[in-house]
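J.: You'll find target26.txt just under this line, and it carries compact mmCIF, C-alpha atoms.
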```txt
# COMPACT_ATOMS: atom_id res chain seq x y z
CA MET I 1 108.65 206.26 88.59
CA SER I 2 107.55 207.99 91.80
CA ASP I 3 109.64 208.16 94.98
CA ARG I 4 107.15 205.86 96.68
CA THR I 5 107.44 203.24 93.95
CA SER I 6 111.22 203.56 94.02
CA TRP I 7 111.34 203.03 97.77
CA ARG I 8 108.98 200.06 97.55
CA ALA I 9 111.18 198.43 94.92
CA VAL I 10 114.32 199.04 96.97
CA ARG I 11 112.65 197.70 100.12
CA GLU I 12 111.47 194.55 98.34
CA GLU I 13 114.95 193.98 96.92
CA ILE I 14 116.56 194.38 100.35
CA LEU I 15 114.02 192.15 102.07
CA GLY I 16 114.58 189.51 99.39
CA ARG I 17 118.16 189.01 100.56
CA PRO I 18 118.89 185.97 102.76
CA GLY I 19 118.30 186.77 106.44
CA ALA I 20 116.89 190.23 105.75
CA GLY I 21 113.33 189.28 106.63
CA ALA I 22 114.33 188.07 110.08
CA ALA I 23 116.40 191.20 110.71
CA TYR I 24 113.50 193.40 109.59
CA GLU I 25 111.10 191.56 111.91
CA ALA I 26 113.48 191.88 114.88
CA THR I 27 113.80 195.60 114.21
CA ARG I 28 110.02 195.98 114.00
CA ILE I 29 109.56 194.18 117.31
CA ARG I 30 112.19 196.34 119.05
CA PHE I 31 110.60 199.51 117.70
CA GLU I 32 107.06 198.52 118.72
CA LEU I 33 108.12 197.48 122.23
CA GLY I 34 110.05 200.70 122.72
CA GLU I 35 107.18 202.81 121.44
CA ALA I 36 104.70 201.06 123.75
CA VAL I 37 106.90 201.70 126.79
CA ARG I 38 107.49 205.33 125.82
CA LEU I 39 103.80 206.03 125.26
CA ARG I 40 102.82 204.45 128.58
CA ARG I 41 105.63 206.24 130.45
CA GLU I 42 104.64 209.59 128.97
CA GLY I 43 100.98 208.87 129.69
CA LEU I 44 101.86 208.36 133.34
CA GLY I 45 103.88 211.59 133.36
CA MET I 46 107.11 209.76 134.15
CA THR I 47 110.57 210.75 132.99
CA GLN I 48 113.03 208.20 131.67
CA ALA I 49 115.04 208.69 134.87
CA GLN I 50 111.99 207.93 137.03
CA LEU I 51 111.21 204.78 135.05
CA ALA I 52 114.84 203.70 135.21
CA ALA I 53 114.88 204.13 139.00
CA ALA I 54 111.66 202.13 139.33
CA CYS I 55 113.20 199.32 137.24
CA GLY I 56 116.69 199.38 138.74
CA MET I 57 118.12 200.42 135.38
CA GLN I 58 120.09 203.36 134.01
CA GLN I 59 118.28 206.20 132.23
CA SER I 60 120.46 205.60 129.15
CA ALA I 61 119.21 201.99 128.97
CA ILE I 62 115.60 203.25 128.96
CA ALA I 63 116.46 205.76 126.22
CA ARG I 64 118.07 203.06 124.05
CA PHE I 65 115.14 200.72 124.61
CA GLU I 66 112.53 203.35 123.75
CA THR I 67 114.22 204.09 120.42
CA GLY I 68 114.37 200.41 119.48
CA GLY I 69 118.10 200.18 120.07
CA THR I 70 118.02 197.02 122.18
CA MET I 71 116.12 193.74 122.31
CA PRO I 72 115.17 193.21 125.95
CA THR I 73 114.97 189.93 127.81
CA ILE I 74 111.68 188.72 129.27
CA VAL I 75 113.01 189.66 132.74
CA VAL I 76 113.59 193.27 131.62
CA LEU I 77 110.15 193.42 130.01
CA GLU I 78 108.60 192.17 133.26
CA ARG I 79 110.44 194.87 135.24
CA LEU I 80 109.30 197.56 132.81
CA ALA I 81 105.71 196.32 132.85
CA SER I 82 105.62 196.26 136.63
CA ALA I 83 107.07 199.77 136.91
CA LEU I 84 104.48 201.00 134.40
CA GLY I 85 101.55 199.33 136.15
CA MET I 86 101.10 196.80 133.38
CA ARG I 87 101.09 193.03 132.96
CA LEU I 88 103.39 191.45 130.40
CA THR I 89 101.71 189.10 127.94
CA VAL I 90 103.71 187.02 125.46
CA GLU I 91 101.97 185.16 122.64
CA LEU I 92 102.98 182.76 119.92
CA GLU I 93 100.81 182.83 116.81
CA PRO I 94 100.81 180.69 113.69
CA LEU I 95 102.43 182.65 110.85
CA ASP I 96 99.28 182.54 108.76
CA ARG I 97 97.44 184.55 111.48
CA ALA I 98 100.22 186.93 112.53
CA SER I 99 99.88 190.56 111.48
```
Show me this structure written as structure tokens.

T.:
Amino acid sequence: MSDRTSWRAVREEILGRPGAGAAYEATRIRFELGEAVRLRREGLGMTQAQLAAACGMQQSAIARFETGGTMPTIVVLERLASALGMRLTVELEPLDRAS
């Protein structure tokens, strides 16, 4: 059995546990939001401290967010989007169409 197959089997077993799917999805969302903010911030040549100042936040809060360590509120996402020259869009999709 290859390492890849082993990991896949372990992952499937873990995700089969009650509540694990929801926790996995929440983690994925946090990671993707943080990555999007980090990429945009870096693209604009901003430091975490500069973004934090523009949002009225602490640099450590930006660092935690960018690594997927926190799930932000809509208000925080709006502040981040504004500071990054972006517009926040929130969508709800039927599960059969979600990626």

J.: For Val76 in chain I, which of I:Arg28, I:Val37, I:Glu93, I:Gly45 is the closest residue, counting all atoms listed in the file?

T.: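 Of I:Arg28, I:Val37, I:Glu93, I:Gly45, the one nearest Val76 in chain I, counting all atoms listed in the file, is I:Val37.
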
J.: Report, in Å to a single decimal, how far apart CA of Ala63 in chain I and CA of Val90 in chain I are.

T.: 22.7 Å

J.: Using only C-alpha atoms, give me every residue within 10 Å of (115.4, 203.8, 121.5) in file coordinates, as a PyMOL selection string.

T.: chain I and resi 30-31+33-35+38+60-70

J.: Quote the spacing between CA of Leu51 in chain I and CA of Leu80 in chain I in Å to one decimal place.

T.: 7.8 Å

J.: Work out how far apart CA of Arg41 in chain I and CA of Leu84 in chain I are and give it in Å to one decimal.

T.: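 Going from CA of Arg41 in chain I over to CA of Leu84 in chain I covers 6.7 Å.
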